[in-house]
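Written out below as structure tokens is the structure these notes cover.
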Amino acid sequence: MNAETDSPANIVVGRNTVLEALQNPNIVQRLYLAKDSKAKGADEAIALARDGRIPFDFVPQAKLNEIAGTRDHQGIVAKISPIAYTPLKDCLSACPPQATLVALDQIQHPKNLGMIVRTAAAAGASGVLVPARGGALPSEEVLRASAGTLFRVPIVKCPNLCQALRQVQDAGFWVYGLAADAPETVFETQWPDRRVLVIGNETSGLRPVVRKACDAQVRIPIADGVESLNAAVAAGIALFQARRRDEPPAHP
């Protein structure tokens, strides 16, 4: 699979994020552990590093703080390769017959992007589409917020989100925009085998041009007096509701 990168090598910190990164040994350049540390997960990290032939070093606490750029690293730090993007055509060709994609329309906050990626990974999504301009892009902060799952979901950087949505429609996907004023709820929608869920900006929602590119809009019903949901929370509700379409019926 071809991929592009446009970010420098990153430092990731903390047991969960580093262990998740070590599941993908091709992206980890080096592992650092606090010397004489009894850090939780250190043994597992070393075993994964050895399995993946990843070099690792034990360094003094002060040096680890310097490498990490923080003291909040739990004694485990890794240097990873630049975060790679997957071309849209490769993402589409890898999608199974039943697949969910997530498209983000100018999500601004890195933590929201990271949490949406984490939720997309948990819901079995086949890819996350992000605009090349106007929104957050993968970064160290996004990686931390995703708890390392940024490596588990193909990330597609789109020069033009509307054109990308037309491409996925041509590949047999139906595009649903999440909008508070939509006539149908995510619980009523008859989700097709292939679907794209479009999440809008945290403040302004979907841009009109993106709404026009969608096949339909759906909403999450919320109680009176509550203005809206966080973008990542809303994405999670909609993603797992769509996922129910793929679950086999329960046996009595």
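Ordering of the structure tokens sets the chain letters (A, B, ...); residue numbers start at 1 within each chain; ligands are numbered from 1 in the order shown.
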Open item on the list: List as a list in words the protein and nucleic acid residues near A:Asp57, meaning an atom at most 8 Å away when only C-alpha atoms are counted, but skip any in the same chain fewer than 3 places from it.
Closed with: Arg30, Leu31, Tyr32 and Leu33 of chain A
At most 12 Å is the cut-off: for each residue in stretch 173-239 of chain A with any atom that close to an atom of stretch 88-110 of chain A, write down the nearest atom pair and the distance in Å rounded to one decimal, counting only C-alpha atoms, chain first then increasing number, as a tab-separated table.
residue	atom	partner	partner_atom	distance
A:Phe173	CA	A:Ala99	CA	8.5
A:Trp174	CA	A:Thr100	CA	9.7
A:Val175	CA	A:Leu101	CA	9.1
A:Tyr176	CA	A:Ala103	CA	9.6
A:Gly177	CA	A:Ala103	CA	9.1
A:Leu178	CA	A:Leu104	CA	10.4
A:Ala179	CA	A:Asp105	CA	12.0
A:Trp191	CA	A:Thr100	CA	10.0
A:Pro192	CA	A:Gln98	CA	8.3
A:Asp193	CA	A:Gln98	CA	4.6
A:Arg194	CA	A:Ala99	CA	4.9
A:Arg195	CA	A:Thr100	CA	5.2
A:Val196	CA	A:Leu101	CA	4.6
A:Leu197	CA	A:Val102	CA	4.9
A:Val198	CA	A:Ala103	CA	4.6
A:Ile199	CA	A:Leu104	CA	5.0
A:Gly200	CA	A:Asp105	CA	4.7
A:Asn201	CA	A:Ile107	CA	4.8
A:Glu202	CA	A:Ile107	CA	6.3
A:Thr203	CA	A:Ile107	CA	9.1
A:Ser204	CA	A:Gln106	CA	9.6
A:Gly205	CA	A:Asp105	CA	8.0
A:Leu206	CA	A:Asp105	CA	6.3
A:Arg207	CA	A:Asp105	CA	7.4
A:Pro208	CA	A:Asp105	CA	10.7
A:Val209	CA	A:Asp105	CA	10.4
A:Val210	CA	A:Asp105	CA	7.7
A:Arg211	CA	A:Asp105	CA	10.0
A:Ala213	CA	A:Asp105	CA	11.8
A:Cys214	CA	A:Ala103	CA	10.9
A:Asn230	CA	A:His109	CA	11.0
A:Ala231	CA	A:Ile107	CA	8.2
A:Ala232	CA	A:Ile107	CA	9.7
A:Ala235	CA	A:Val102	CA	8.7
A:Gly236	CA	A:Val102	CA	10.7
A:Ala238	CA	A:Val102	CA	10.3
A:Leu239	CA	A:Thr100	CA	8.1
Requested write-out: N, CA and C atoms of the selected residues, as a compact mmCIF listing (two decimals), in the first residue's frame:
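What landed in selection06.txt:
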# COMPACT_ATOMS: atom_id res chain seq x y z
N PHE A 173 -20.80 3.54 -1.87
CA PHE A 173 -21.12 3.99 -0.51
C PHE A 173 -22.25 5.02 -0.54
N TRP A 174 -23.09 5.00 0.51
CA TRP A 174 -24.08 6.03 0.73
C TRP A 174 -23.54 6.96 1.80
N VAL A 175 -23.69 8.26 1.57
CA VAL A 175 -23.08 9.26 2.45
C VAL A 175 -24.16 9.91 3.32
N TYR A 176 -23.94 9.84 4.64
CA TYR A 176 -24.89 10.39 5.61
C TYR A 176 -24.20 11.49 6.41
N GLY A 177 -24.78 12.69 6.38
CA GLY A 177 -24.26 13.77 7.19
C GLY A 177 -24.98 13.82 8.53
N LEU A 178 -24.23 14.01 9.59
CA LEU A 178 -24.83 14.11 10.93
C LEU A 178 -25.23 15.56 11.15
N ALA A 179 -26.54 15.81 11.27
CA ALA A 179 -27.05 17.18 11.38
C ALA A 179 -28.20 17.22 12.38
N TRP A 191 -29.48 1.44 7.52
CA TRP A 191 -28.12 1.62 7.03
C TRP A 191 -27.80 0.61 5.93
N PRO A 192 -27.26 1.07 4.81
CA PRO A 192 -26.88 0.15 3.73
C PRO A 192 -25.58 -0.58 4.08
N ASP A 193 -25.19 -1.50 3.23
CA ASP A 193 -23.96 -2.26 3.48
C ASP A 193 -22.73 -1.36 3.53
N ARG A 194 -22.71 -0.35 2.68
CA ARG A 194 -21.56 0.56 2.62
C ARG A 194 -22.06 1.97 2.91
N ARG A 195 -21.47 2.60 3.92
CA ARG A 195 -21.95 3.90 4.33
C ARG A 195 -20.79 4.77 4.82
N VAL A 196 -20.97 6.06 4.64
CA VAL A 196 -20.02 7.05 5.13
C VAL A 196 -20.77 7.95 6.10
N LEU A 197 -20.20 8.17 7.26
CA LEU A 197 -20.77 9.06 8.25
C LEU A 197 -19.93 10.33 8.27
N VAL A 198 -20.55 11.47 7.98
CA VAL A 198 -19.83 12.74 7.91
C VAL A 198 -20.12 13.54 9.18
N ILE A 199 -19.05 13.91 9.90
CA ILE A 199 -19.16 14.66 11.14
C ILE A 199 -18.70 16.08 10.88
N GLY A 200 -19.50 17.06 11.29
CA GLY A 200 -19.18 18.45 11.01
C GLY A 200 -18.35 19.12 12.10
N ASN A 201 -18.03 20.37 11.85
CA ASN A 201 -17.26 21.21 12.76
C ASN A 201 -17.94 21.31 14.13
N GLU A 202 -17.13 21.39 15.18
CA GLU A 202 -17.64 21.40 16.55
C GLU A 202 -18.64 22.52 16.81
N THR A 203 -18.45 23.66 16.15
CA THR A 203 -19.32 24.83 16.40
C THR A 203 -20.39 25.00 15.33
N SER A 204 -19.99 24.92 14.07
CA SER A 204 -20.91 25.25 12.99
C SER A 204 -21.51 24.04 12.28
N GLY A 205 -21.07 22.85 12.62
CA GLY A 205 -21.61 21.66 11.98
C GLY A 205 -21.11 21.50 10.56
N LEU A 206 -21.91 20.87 9.73
CA LEU A 206 -21.53 20.62 8.34
C LEU A 206 -21.63 21.91 7.51
N ARG A 207 -20.65 22.11 6.66
CA ARG A 207 -20.74 23.22 5.73
C ARG A 207 -21.85 22.94 4.70
N PRO A 208 -22.53 23.98 4.20
CA PRO A 208 -23.60 23.76 3.22
C PRO A 208 -23.16 22.94 2.01
N VAL A 209 -21.94 23.18 1.52
CA VAL A 209 -21.47 22.45 0.35
C VAL A 209 -21.29 20.97 0.66
N VAL A 210 -20.93 20.66 1.90
CA VAL A 210 -20.77 19.25 2.29
C VAL A 210 -22.14 18.60 2.48
N ARG A 211 -23.07 19.33 3.09
CA ARG A 211 -24.43 18.80 3.23
C ARG A 211 -25.02 18.45 1.87
N ALA A 213 -23.44 17.51 -0.67
CA ALA A 213 -22.77 16.33 -1.23
C ALA A 213 -23.25 15.03 -0.61
N CYS A 214 -23.98 15.12 0.51
CA CYS A 214 -24.46 13.92 1.20
C CYS A 214 -25.72 13.37 0.51
N ASN A 230 -20.94 16.71 22.11
CA ASN A 230 -19.56 16.80 21.63
C ASN A 230 -19.43 15.99 20.34
N ALA A 231 -18.61 16.49 19.41
CA ALA A 231 -18.48 15.84 18.10
C ALA A 231 -18.04 14.39 18.22
N ALA A 232 -17.10 14.12 19.13
CA ALA A 232 -16.61 12.75 19.28
C ALA A 232 -17.68 11.85 19.88
N ALA A 235 -20.23 11.15 17.16
CA ALA A 235 -19.68 10.19 16.21
C ALA A 235 -19.77 8.78 16.75
N GLY A 236 -19.48 8.61 18.05
CA GLY A 236 -19.54 7.28 18.66
C GLY A 236 -20.93 6.68 18.63
N ALA A 238 -23.42 7.40 16.57
CA ALA A 238 -23.81 7.08 15.19
C ALA A 238 -23.03 5.89 14.64
N LEU A 239 -21.74 5.82 14.94
CA LEU A 239 -20.91 4.72 14.42
C LEU A 239 -21.39 3.37 14.93
Open item on the list: I need the helix (DSSP H, G or I) residues of stretch 89-191 of chain A per DSSP on the backbone, written as a PyMOL selection string.
Closed with: chain A and resi 89-94+110-122+140-145+149-151+161-170
Give me a file of those residues, with N, CA and C atoms, as a CSV table (one decimal), in the first residue's frame.
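Here's the written file out-v3.csv:
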chain,number,residue,atom,x,y,z
A,89,LYS,N,-7.9,5.7,-3.0
A,89,LYS,CA,-8.2,4.6,-3.9
A,89,LYS,C,-7.7,3.3,-3.2
A,90,ASP,N,-6.6,3.3,-2.4
A,90,ASP,CA,-6.2,2.2,-1.7
A,90,ASP,C,-7.1,1.8,-0.5
A,91,CYS,N,-7.6,2.9,0.2
A,91,CYS,CA,-8.6,2.7,1.3
A,91,CYS,C,-9.8,2.0,0.7
A,92,LEU,N,-10.3,2.5,-0.4
A,92,LEU,CA,-11.6,1.9,-1.0
A,92,LEU,C,-11.4,0.5,-1.5
A,93,SER,N,-10.2,0.2,-2.0
A,93,SER,CA,-10.0,-1.1,-2.6
A,93,SER,C,-9.9,-2.2,-1.4
A,94,ALA,N,-9.5,-1.7,-0.2
A,94,ALA,CA,-9.3,-2.6,0.9
A,94,ALA,C,-10.6,-2.8,1.7
A,110,PRO,N,-7.6,18.8,18.1
A,110,PRO,CA,-6.9,17.5,18.0
A,110,PRO,C,-7.4,16.4,18.9
A,111,LYS,N,-7.9,16.8,20.1
A,111,LYS,CA,-8.4,15.7,21.0
A,111,LYS,C,-9.7,15.1,20.5
A,112,ASN,N,-10.5,15.9,19.8
A,112,ASN,CA,-11.7,15.4,19.2
A,112,ASN,C,-11.4,14.5,18.1
A,113,LEU,N,-10.4,14.9,17.2
A,113,LEU,CA,-10.0,14.0,16.2
A,113,LEU,C,-9.4,12.7,16.7
A,114,GLY,N,-8.6,12.8,17.7
A,114,GLY,CA,-8.1,11.5,18.3
A,114,GLY,C,-9.1,10.6,18.8
A,115,MET,N,-10.1,11.2,19.5
A,115,MET,CA,-11.2,10.4,20.1
A,115,MET,C,-12.1,9.8,19.0
A,116,ILE,N,-12.3,10.6,18.0
A,116,ILE,CA,-13.1,10.0,16.9
A,116,ILE,C,-12.4,8.9,16.2
A,117,VAL,N,-11.1,9.0,16.0
A,117,VAL,CA,-10.3,7.9,15.4
A,117,VAL,C,-10.4,6.7,16.3
A,118,ARG,N,-10.2,6.9,17.6
A,118,ARG,CA,-10.3,5.8,18.5
A,118,ARG,C,-11.6,5.1,18.5
A,119,THR,N,-12.7,5.9,18.4
A,119,THR,CA,-14.1,5.3,18.3
A,119,THR,C,-14.2,4.6,17.0
A,120,ALA,N,-13.7,5.2,15.9
A,120,ALA,CA,-13.8,4.5,14.6
A,120,ALA,C,-13.1,3.2,14.6
A,121,ALA,N,-12.0,3.1,15.2
A,121,ALA,CA,-11.3,1.8,15.3
A,121,ALA,C,-12.1,0.8,16.1
A,122,ALA,N,-12.7,1.3,17.2
A,122,ALA,CA,-13.4,0.3,18.0
A,122,ALA,C,-14.7,-0.1,17.3
A,140,GLU,N,1.0,14.5,17.4
A,140,GLU,CA,1.3,13.8,18.6
A,140,GLU,C,0.1,13.9,19.6
A,141,GLU,N,-0.5,15.1,19.6
A,141,GLU,CA,-1.7,15.3,20.5
A,141,GLU,C,-2.8,14.4,20.0
A,142,VAL,N,-3.0,14.3,18.7
A,142,VAL,CA,-4.1,13.4,18.2
A,142,VAL,C,-3.8,12.0,18.5
A,143,LEU,N,-2.5,11.6,18.4
A,143,LEU,CA,-2.1,10.2,18.6
A,143,LEU,C,-2.3,9.9,20.1
A,144,ARG,N,-2.0,10.8,21.0
A,144,ARG,CA,-2.3,10.5,22.4
A,144,ARG,C,-3.8,10.4,22.7
A,145,ALA,N,-4.6,11.3,22.1
A,145,ALA,CA,-6.0,11.2,22.3
A,145,ALA,C,-6.6,9.9,21.8
A,149,THR,N,-4.5,4.2,18.7
A,149,THR,CA,-5.3,3.6,17.6
A,149,THR,C,-5.2,4.3,16.3
A,150,LEU,N,-4.5,5.4,16.2
A,150,LEU,CA,-4.3,6.1,15.0
A,150,LEU,C,-3.6,5.2,14.0
A,151,PHE,N,-2.9,4.1,14.5
A,151,PHE,CA,-2.2,3.2,13.6
A,151,PHE,C,-3.1,2.1,13.1
A,161,LEU,N,-12.8,17.6,0.1
A,161,LEU,CA,-13.7,16.6,0.8
A,161,LEU,C,-14.9,16.3,-0.1
A,162,CYS,N,-15.5,17.2,-0.7
A,162,CYS,CA,-16.6,16.9,-1.5
A,162,CYS,C,-16.3,16.0,-2.7
A,163,GLN,N,-15.2,16.3,-3.3
A,163,GLN,CA,-14.7,15.4,-4.4
A,163,GLN,C,-14.5,14.0,-3.9
A,164,ALA,N,-13.9,13.9,-2.7
A,164,ALA,CA,-13.7,12.6,-2.1
A,164,ALA,C,-15.0,11.9,-1.8
A,165,LEU,N,-16.0,12.6,-1.4
A,165,LEU,CA,-17.3,12.0,-1.1
A,165,LEU,C,-17.9,11.5,-2.4
A,166,ARG,N,-17.7,12.2,-3.5
A,166,ARG,CA,-18.2,11.7,-4.8
A,166,ARG,C,-17.5,10.4,-5.2
A,167,GLN,N,-16.2,10.3,-4.9
A,167,GLN,CA,-15.5,9.1,-5.2
A,167,GLN,C,-16.0,7.9,-4.4
A,168,VAL,N,-16.3,8.1,-3.1
A,168,VAL,CA,-16.8,7.0,-2.3
A,168,VAL,C,-18.2,6.6,-2.8
A,169,GLN,N,-19.0,7.6,-3.2
A,169,GLN,CA,-20.3,7.3,-3.8
A,169,GLN,C,-20.2,6.4,-5.0
A,170,ASP,N,-19.2,6.7,-5.8
A,170,ASP,CA,-19.0,5.9,-7.0
A,170,ASP,C,-18.5,4.5,-6.7
Open item on the list: I need the residues in stretch 55-196 of chain A that are strand (DSSP E) according to DSSP; give them as a VMD selection string.
Closed with: chain A and resid 56 to 59 76 to 80 84 to 85 99 to 104 127 to 131 155 to 158 174 to 178 184 to 185 194 to 196
I need the chosen residues saved as a PDB file, in the first residue's frame, with C-alpha atoms.
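Listed below is the output, again29.pdb:
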ATOM      1  CA  PHE A  56      15.510  -0.225  22.970  1.00  0.00           C
ATOM      2  CA  ASP A  57      17.474   1.643  25.601  1.00  0.00           C
ATOM      3  CA  PHE A  58      17.300   2.075  29.348  1.00  0.00           C
ATOM      4  CA  VAL A  59      18.018   5.717  30.161  1.00  0.00           C
ATOM      5  CA  ILE A  76       7.907   4.349  28.627  1.00  0.00           C
ATOM      6  CA  VAL A  77       8.638   6.425  25.509  1.00  0.00           C
ATOM      7  CA  ALA A  78       8.931   5.545  21.823  1.00  0.00           C
ATOM      8  CA  LYS A  79      10.164   7.341  18.738  1.00  0.00           C
ATOM      9  CA  ILE A  80       7.932   6.573  15.781  1.00  0.00           C
ATOM     10  CA  ALA A  84       1.364   8.002   7.130  1.00  0.00           C
ATOM     11  CA  TYR A  85      -1.712   8.773   5.068  1.00  0.00           C
ATOM     12  CA  ALA A  99     -17.928  -1.181   5.476  1.00  0.00           C
ATOM     13  CA  THR A 100     -18.149   2.114   7.318  1.00  0.00           C
ATOM     14  CA  LEU A 101     -16.049   5.179   6.559  1.00  0.00           C
ATOM     15  CA  VAL A 102     -15.914   8.352   8.627  1.00  0.00           C
ATOM     16  CA  ALA A 103     -15.440  11.751   6.986  1.00  0.00           C
ATOM     17  CA  LEU A 104     -14.621  14.817   9.079  1.00  0.00           C
ATOM     18  CA  GLY A 127     -11.016   4.513   7.187  1.00  0.00           C
ATOM     19  CA  VAL A 128     -11.200   8.121   8.331  1.00  0.00           C
ATOM     20  CA  LEU A 129     -11.221  10.928   5.757  1.00  0.00           C
ATOM     21  CA  VAL A 130      -9.835  14.303   6.852  1.00  0.00           C
ATOM     22  CA  PRO A 131      -9.575  17.504   4.800  1.00  0.00           C
ATOM     23  CA  ILE A 155      -6.251   7.959   7.524  1.00  0.00           C
ATOM     24  CA  VAL A 156      -7.020   9.567   4.161  1.00  0.00           C
ATOM     25  CA  LYS A 157      -6.062  13.213   3.617  1.00  0.00           C
ATOM     26  CA  CYS A 158      -8.414  14.785   1.078  1.00  0.00           C
ATOM     27  CA  TRP A 174     -24.082   6.029   0.732  1.00  0.00           C
ATOM     28  CA  VAL A 175     -23.084   9.265   2.449  1.00  0.00           C
ATOM     29  CA  TYR A 176     -24.886  10.387   5.608  1.00  0.00           C
ATOM     30  CA  GLY A 177     -24.262  13.774   7.194  1.00  0.00           C
ATOM     31  CA  LEU A 178     -24.828  14.109  10.925  1.00  0.00           C
ATOM     32  CA  GLU A 184     -34.512  10.956  10.413  1.00  0.00           C
ATOM     33  CA  THR A 185     -32.621   9.680  13.457  1.00  0.00           C
ATOM     34  CA  ARG A 194     -21.564   0.556   2.621  1.00  0.00           C
ATOM     35  CA  ARG A 195     -21.947   3.904   4.334  1.00  0.00           C
ATOM     36  CA  VAL A 196     -20.024   7.048   5.130  1.00  0.00           C
TER      37      VAL A 196
END
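Reported to one decimal place, the separation of atom CA of A:Ala42 from atom CA of A:Leu64 is 14.0 Å.
For the set A:Ala182, A:Ala39, A:Val153, A:Ala68, the residue with the smallest atom-to-atom gap to A:Asn24 is A:Val153, counting only C-alpha atoms.
Around A:Gly41, within 12 Å and counting only C-alpha atoms, the residues found are Gly14, Arg15, Asn16, Thr17, Val18, Leu19, Glu20, Leu22, Leu33, Ala34, Ile46, Ala47, Leu48, Gln74, Gly75, Ile76 and Val77 of chain A, once anything fewer than 5 positions away on its own chain is removed.
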Write a file of the just-selected residues containing N, CA and C atoms, as a PDB file, in the first residue's frame.
ATOM      1  N   GLY A  14       3.787   7.070  27.359  1.00  0.00           N
ATOM      2  CA  GLY A  14       2.736   6.416  28.131  1.00  0.00           C
ATOM      3  C   GLY A  14       2.543   4.969  27.743  1.00  0.00           C
ATOM      4  N   ARG A  15       2.212   4.165  28.714  1.00  0.00           N
ATOM      5  CA  ARG A  15       2.131   2.717  28.516  1.00  0.00           C
ATOM      6  C   ARG A  15       1.167   2.333  27.398  1.00  0.00           C
ATOM      7  N   ASN A  16      -0.080   2.787  27.446  1.00  0.00           N
ATOM      8  CA  ASN A  16      -1.071   2.328  26.476  1.00  0.00           C
ATOM      9  C   ASN A  16      -0.719   2.741  25.053  1.00  0.00           C
ATOM     10  N   THR A  17      -0.323   4.004  24.895  1.00  0.00           N
ATOM     11  CA  THR A  17      -0.015   4.491  23.555  1.00  0.00           C
ATOM     12  C   THR A  17       1.205   3.796  22.973  1.00  0.00           C
ATOM     13  N   VAL A  18       2.246   3.621  23.784  1.00  0.00           N
ATOM     14  CA  VAL A  18       3.459   2.971  23.291  1.00  0.00           C
ATOM     15  C   VAL A  18       3.202   1.503  22.980  1.00  0.00           C
ATOM     16  N   LEU A  19       2.472   0.805  23.847  1.00  0.00           N
ATOM     17  CA  LEU A  19       2.178  -0.600  23.578  1.00  0.00           C
ATOM     18  C   LEU A  19       1.367  -0.757  22.300  1.00  0.00           C
ATOM     19  N   GLU A  20       0.437   0.178  22.062  1.00  0.00           N
ATOM     20  CA  GLU A  20      -0.349   0.134  20.826  1.00  0.00           C
ATOM     21  C   GLU A  20       0.559   0.352  19.626  1.00  0.00           C
ATOM     22  N   LEU A  22       3.711  -0.374  19.414  1.00  0.00           N
ATOM     23  CA  LEU A  22       4.582  -1.537  19.246  1.00  0.00           C
ATOM     24  C   LEU A  22       3.878  -2.704  18.560  1.00  0.00           C
ATOM     25  N   LEU A  33      13.143   3.261  27.878  1.00  0.00           N
ATOM     26  CA  LEU A  33      12.546   2.939  29.169  1.00  0.00           C
ATOM     27  C   LEU A  33      13.402   3.553  30.280  1.00  0.00           C
ATOM     28  N   ALA A  34      12.738   3.944  31.351  1.00  0.00           N
ATOM     29  CA  ALA A  34      13.456   4.524  32.481  1.00  0.00           C
ATOM     30  C   ALA A  34      14.373   3.478  33.108  1.00  0.00           C
ATOM     31  N   ILE A  46       9.152  -4.505  26.194  1.00  0.00           N
ATOM     32  CA  ILE A  46      10.443  -5.088  25.803  1.00  0.00           C
ATOM     33  C   ILE A  46      10.225  -6.332  24.949  1.00  0.00           C
ATOM     34  N   ALA A  47       9.263  -7.161  25.338  1.00  0.00           N
ATOM     35  CA  ALA A  47       8.976  -8.373  24.567  1.00  0.00           C
ATOM     36  C   ALA A  47       8.516  -8.029  23.150  1.00  0.00           C
ATOM     37  N   LEU A  48       7.648  -7.025  23.027  1.00  0.00           N
ATOM     38  CA  LEU A  48       7.178  -6.616  21.703  1.00  0.00           C
ATOM     39  C   LEU A  48       8.313  -6.024  20.880  1.00  0.00           C
ATOM     40  N   GLN A  74       5.114   7.832  32.243  1.00  0.00           N
ATOM     41  CA  GLN A  74       4.944   6.510  32.854  1.00  0.00           C
ATOM     42  C   GLN A  74       6.156   5.602  32.669  1.00  0.00           C
ATOM     43  N   GLY A  75       7.304   6.216  32.375  1.00  0.00           N
ATOM     44  CA  GLY A  75       8.524   5.425  32.260  1.00  0.00           C
ATOM     45  C   GLY A  75       8.712   4.729  30.926  1.00  0.00           C
ATOM     46  N   ILE A  76       7.839   5.001  29.943  1.00  0.00           N
ATOM     47  CA  ILE A  76       7.907   4.349  28.627  1.00  0.00           C
ATOM     48  C   ILE A  76       7.706   5.395  27.537  1.00  0.00           C
ATOM     49  N   VAL A  77       8.667   5.448  26.600  1.00  0.00           N
ATOM     50  CA  VAL A  77       8.638   6.425  25.509  1.00  0.00           C
ATOM     51  C   VAL A  77       9.075   5.717  24.227  1.00  0.00           C
TER      52      VAL A  77
END
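Among the candidate residues A:Ile83, A:Leu137, A:Ala21, A:Ala242, the one lying nearest to A:Gly124 is A:Ala242, with distances computed using only C-alpha atoms.
Across A:Asp224, A:Arg219, A:Thr70, A:Arg152, the tightest approach to A:Thr86 is made by A:Arg152 when counting only C-alpha atoms.
Picture a line from atom CA of A:Ala147 to atom CA of A:Leu229; it runs 21.6 Å.
Straight-line separation from atom CA of A:Asp51 to atom CA of A:Asn26: 11.6 Å.
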